[in-house]
Amino acid sequence: MKISIYNKLSILSDAAKYDVSCSSSGVEEQKKYGGIGATENSGICHTFTSDGRCVSLLKVLFTNFCIYDCAYCINRASNDRKRVAFSPRELADLTINFYKRNYIEGLFLSSGIIENEDRTMELLINALKILRYEYRFDGYIHLKLIPGASKELIEVACTLASRVSSNIELPSSKGLKLLAPQKTKNQLLEPLKQARDITLEKSSKPIPMSTQMIVGATSDSDLDILKITSVLYDKALLKRVYYSAYVPVNEGKNLPILKNKMPPIQREHRLYQADWLLRFYGFSYTELFTNEIQHLDTEVDPKTFWALNNLHLFPVDVNKVSKEVLIRIPGIGIRGALKIIQARRYKTLSIDDLKQLKISIKRAKYFIISKGKYQKEVPMYKENIKQVLLAPKKIIQPTLFDENYSVFTGEL
Amino acid sequence: MTLVYDGTYEGFLTLVYEVYYTKLHVKKIQREKTEVLLFEEVFEVQTDTSKAQKVLSALKQKFSAKNFATITNVFLCDSKEFEKPLLDFIILGFKDKRNLNNINFPAILYMRNLEKELFRVVYRMYGFVRFKEIEDGTLYAKIETKYNVLYFLGKHFLNRLGDSDFIIHDIQREFAFVKYKNEIDIRHVSSFDEPEYSKDEEKFRNLWKTFFKSVAIEKRKNKKLQQQFVPLMYRTYMSEFEELNS
């Protein structure tokens, strides 16, 4: 029976959607194949789905056939599902036609394991070869490496793809044993190590890589998760780690029961924020936790969480402290810090000046001194500050003044 | 007093000239004379190429390339009343070019923010432009944008569409960026007929809609977040927001 391309696309994109990575950023622009396509260092989002996630790449599985039976996975062998596969040609045509119409930045290709690892990897490589050599496609291609595929195939894949990845899936070996007994942590990390070594032999920069961990399917703490993350960053193995709130798609005795049957989205969000602190704000994961506290606070962002646990370091004087300290103030980001540094060269900044610069002081005001002054309304204790930060927002009626103001400042 | 000019770049440069040489005290700047302005002094600027030229060369001489670009970029934000802050920006820059980095001046901050906003629109449109394939293989996109970003889009797609011919058509401003063989041009388009699309066009558009629907995770549905990222005004020509018809 012939299955229509609509059905295939619908099944194989549906099956790939739990993979959260969709970034097309971080690849230096270069034209290697000389046809259609280019990459943008900052990445481009082409649309956003009804759950608010960026769509940058045509994210599909090559096939949802799979010989493995991982408890959390919708495509596990024991699930009774319709199984389909693209042909390499079909997939290449789809990619190039989507690309031409500016629907996507490129392809994100992953796959279930059909027959065996090497056979699967070969099929993926064939699709990439059509795109690169026949269509001379220079856009972004993210390829999921198949753990267990031969080194030679991984090498070919690394030369064709813009970025490769392999999912760690679960933060600890213990969790893997429980939910994916056929996989081990080393086995999952192996293709990443191979890819790094192969590309390092050829150039000074390894091919950009990423991974994904499922959050909330096992009992691992936020500390456990961020510890693995920073080890992976430190070893320069990875460029990004993604976190995916566990969405129950199967039933099984080892799988957790979720509160309200909703995935832990807020926890996932806090982990991403913490990840940001590790990568751009000079934090180390140990700073974020104490012996007693091994989870981030879902109520406040991790930087505020850290500041509240380290109130002895505050308040700081915005007119004096370095950029490194400024960016550690809750509510002040890198851009805000740069604006402060630029503006304070000309005058000593007051709270009103900060507002004028459009720096959000909602959280920051409890952690700063400006012109020798500290806010008086709230005593500087952890509980008091946290309480006001969590207070329900007042509803502010727009006034004529606001309207004029917004025209002037260019914000809607 | 209130200044009225014709809304062109040259007109604005002439306005700058008049402000300096006639020593006008400017309260407000308008592009067109609207209703009768009671109790207000009005000065109508007559666009003058040689005056504009003088101001232009002074700007190029006194302002760094980056700050000069800020002036022309802000001018593309044609749905905003940017004239007064732009004039202040120019006056501050002529006085002392170091002023231009002092974001404590409201006009400087306004200009910096507006330029950033322009690039946000440009950047969003890099992703949101949708081409359709015409019978002869030319890719054709219609756009409607808050600011005039046609030039930036044209440049972006020249780099990525390889040898393909393409047209980006700004419906409201009635201009089109055209790349045809070796010709590259921005043209005025006053009227046009809907082109005949290629035979595969509908198929791929429907495949795209299929994909768009099936990658969303129902359990994480968040329309508000979606709208924050793709505000309604961007959706007019985005095929995935049309109804599915296959």
# chains A, B, ... in the order shown; residues from 1 in each chain; ligands from 1

$ select_by_dssp --residues "stretch 76-138 of chain A" --states "strand (DSSP E or B)" --output "number ranges by chain"
A: 85, 106-110

$ residues_around --residues "stretch 147-159 of chain B" --least-positions-apart "4" --cutoff "9 Å" --atoms "only C-alpha atoms" --output "JSON, numbers by chain"
{"A": [36, 37, 38], "B": [75, 76, 77, 78, 79, 80, 118, 119, 121, 122, 123, 125, 126, 129, 143, 163, 164, 166, 167, 168, 169, 170, 173, 175, 176, 177, 178, 179, 186]}

$ residues_around --residues "A:Thr286" --least-positions-apart "4" --cutoff "10 Å" --atoms "only C-alpha atoms" --output "PDB file with C-alpha atoms, in the first residue's frame"
ATOM      1  CA  LEU A 223      21.621  19.879  40.992  1.00  0.00           C
ATOM      2  CA  LEU A 226      23.098  21.049  36.072  1.00  0.00           C
ATOM      3  CA  LYS A 227      26.155  19.184  37.261  1.00  0.00           C
ATOM      4  CA  SER A 230      28.436  21.920  33.302  1.00  0.00           C
ATOM      5  CA  THR A 290      23.484  24.570  49.021  1.00  0.00           C
ATOM      6  CA  ASN A 291      23.780  21.317  50.927  1.00  0.00           C
ATOM      7  CA  GLN A 294      19.169  20.677  45.598  1.00  0.00           C
TER       8      GLN A 294
END

$ select_by_dssp --residues "stretch 1-219 of chain B" --states "helix (DSSP H, G or I)" --output "ChimeraX atom specification"
/B:9-21,49-62,65-75,83-95,97-101,106-128,150-160,201-214,218-219

$ closest_residue --among "A:Tyr346, A:Trp276, A:Phe86, A:Tyr72" --to "chain B" --atoms "only C-alpha atoms"
A:Tyr346

$ closest_atom_pairs --of "chain A" --to "chain B" --cutoff "6 Å" --atoms "only C-alpha atoms" --output "CSV"
residue,atom,partner,partner_atom,distance
A:Ser10,CA,B:Ser214,CA,5.8
A:Ser13,CA,B:Val215,CA,5.9
A:Asp14,CA,B:Ser214,CA,5.1
A:Lys17,CA,B:Val215,CA,5.1
A:Gly35,CA,B:Gly162,CA,5.5
A:Ile36,CA,B:Gly162,CA,4.4
A:Gly37,CA,B:Arg160,CA,4.5
A:Ala38,CA,B:Arg160,CA,4.9
A:Ile44,CA,B:Gly127,CA,5.8
A:Cys45,CA,B:Gly127,CA,5.5
A:His46,CA,B:Gly127,CA,4.0
A:Phe48,CA,B:Gln226,CA,5.8
A:Thr49,CA,B:Ala216,CA,5.4
A:Ser50,CA,B:Lys223,CA,5.4
A:Asp51,CA,B:Lys221,CA,4.0
A:Gly52,CA,B:Gln226,CA,4.1
A:Arg101,CA,B:Phe131,CA,4.4
A:Asn102,CA,B:Arg130,CA,5.6
A:Ala343,CA,B:Ile103,CA,5.9
A:Thr409,CA,B:Tyr110,CA,5.5
A:Gly410,CA,B:Leu114,CA,5.9

$ residues_around --residues "stretch 260-267 of chain A" --least-positions-apart "6" --cutoff "9 Å" --atoms "only C-alpha atoms" --output "MDAnalysis selection string"
(chainID A and resid 215:216 222 244:248 296:299) or (chainID B and resid 219:220)

$ residues_around --residues "stretch 305-307 of chain A" --least-positions-apart "6" --cutoff "8 Å" --atoms "only C-alpha atoms" --output "list in words"
Glu287, Leu288, Phe289, Leu296, Asp297, Leu313, Phe314, Ile329 and Pro330 of chain A

$ atom_distance --atom1 "atom CA of A:Lys323" --atom2 "atom CA of A:Ser284"
17.0 Å

$ residues_around --residues "A:Lys373" --least-positions-apart "6" --cutoff "10 Å" --atoms "only C-alpha atoms" --output "list in words"
Asp317, Ser350 and Ile351 of chain A

$ residues_around --residues "B:Val16" --least-positions-apart "3" --cutoff "12 Å" --atoms "only C-alpha atoms" --output "ChimeraX atom specification"
/B:3-5,9-13,19-26,29,45-48,51-56,58-59,83-84,86-91,94

$ atom_distance --atom1 "atom CA of A:Val60" --atom2 "atom CA of A:Arg163"
15.5 Å

$ atom_distance --atom1 "atom CA of A:Leu128" --atom2 "atom CA of A:Glu28"
19.3 Å

$ closest_residue --among "A:Leu58, A:Thr218, A:Gln194, A:Arg279" --to "A:Asp234" --atoms "only C-alpha atoms"
A:Arg279
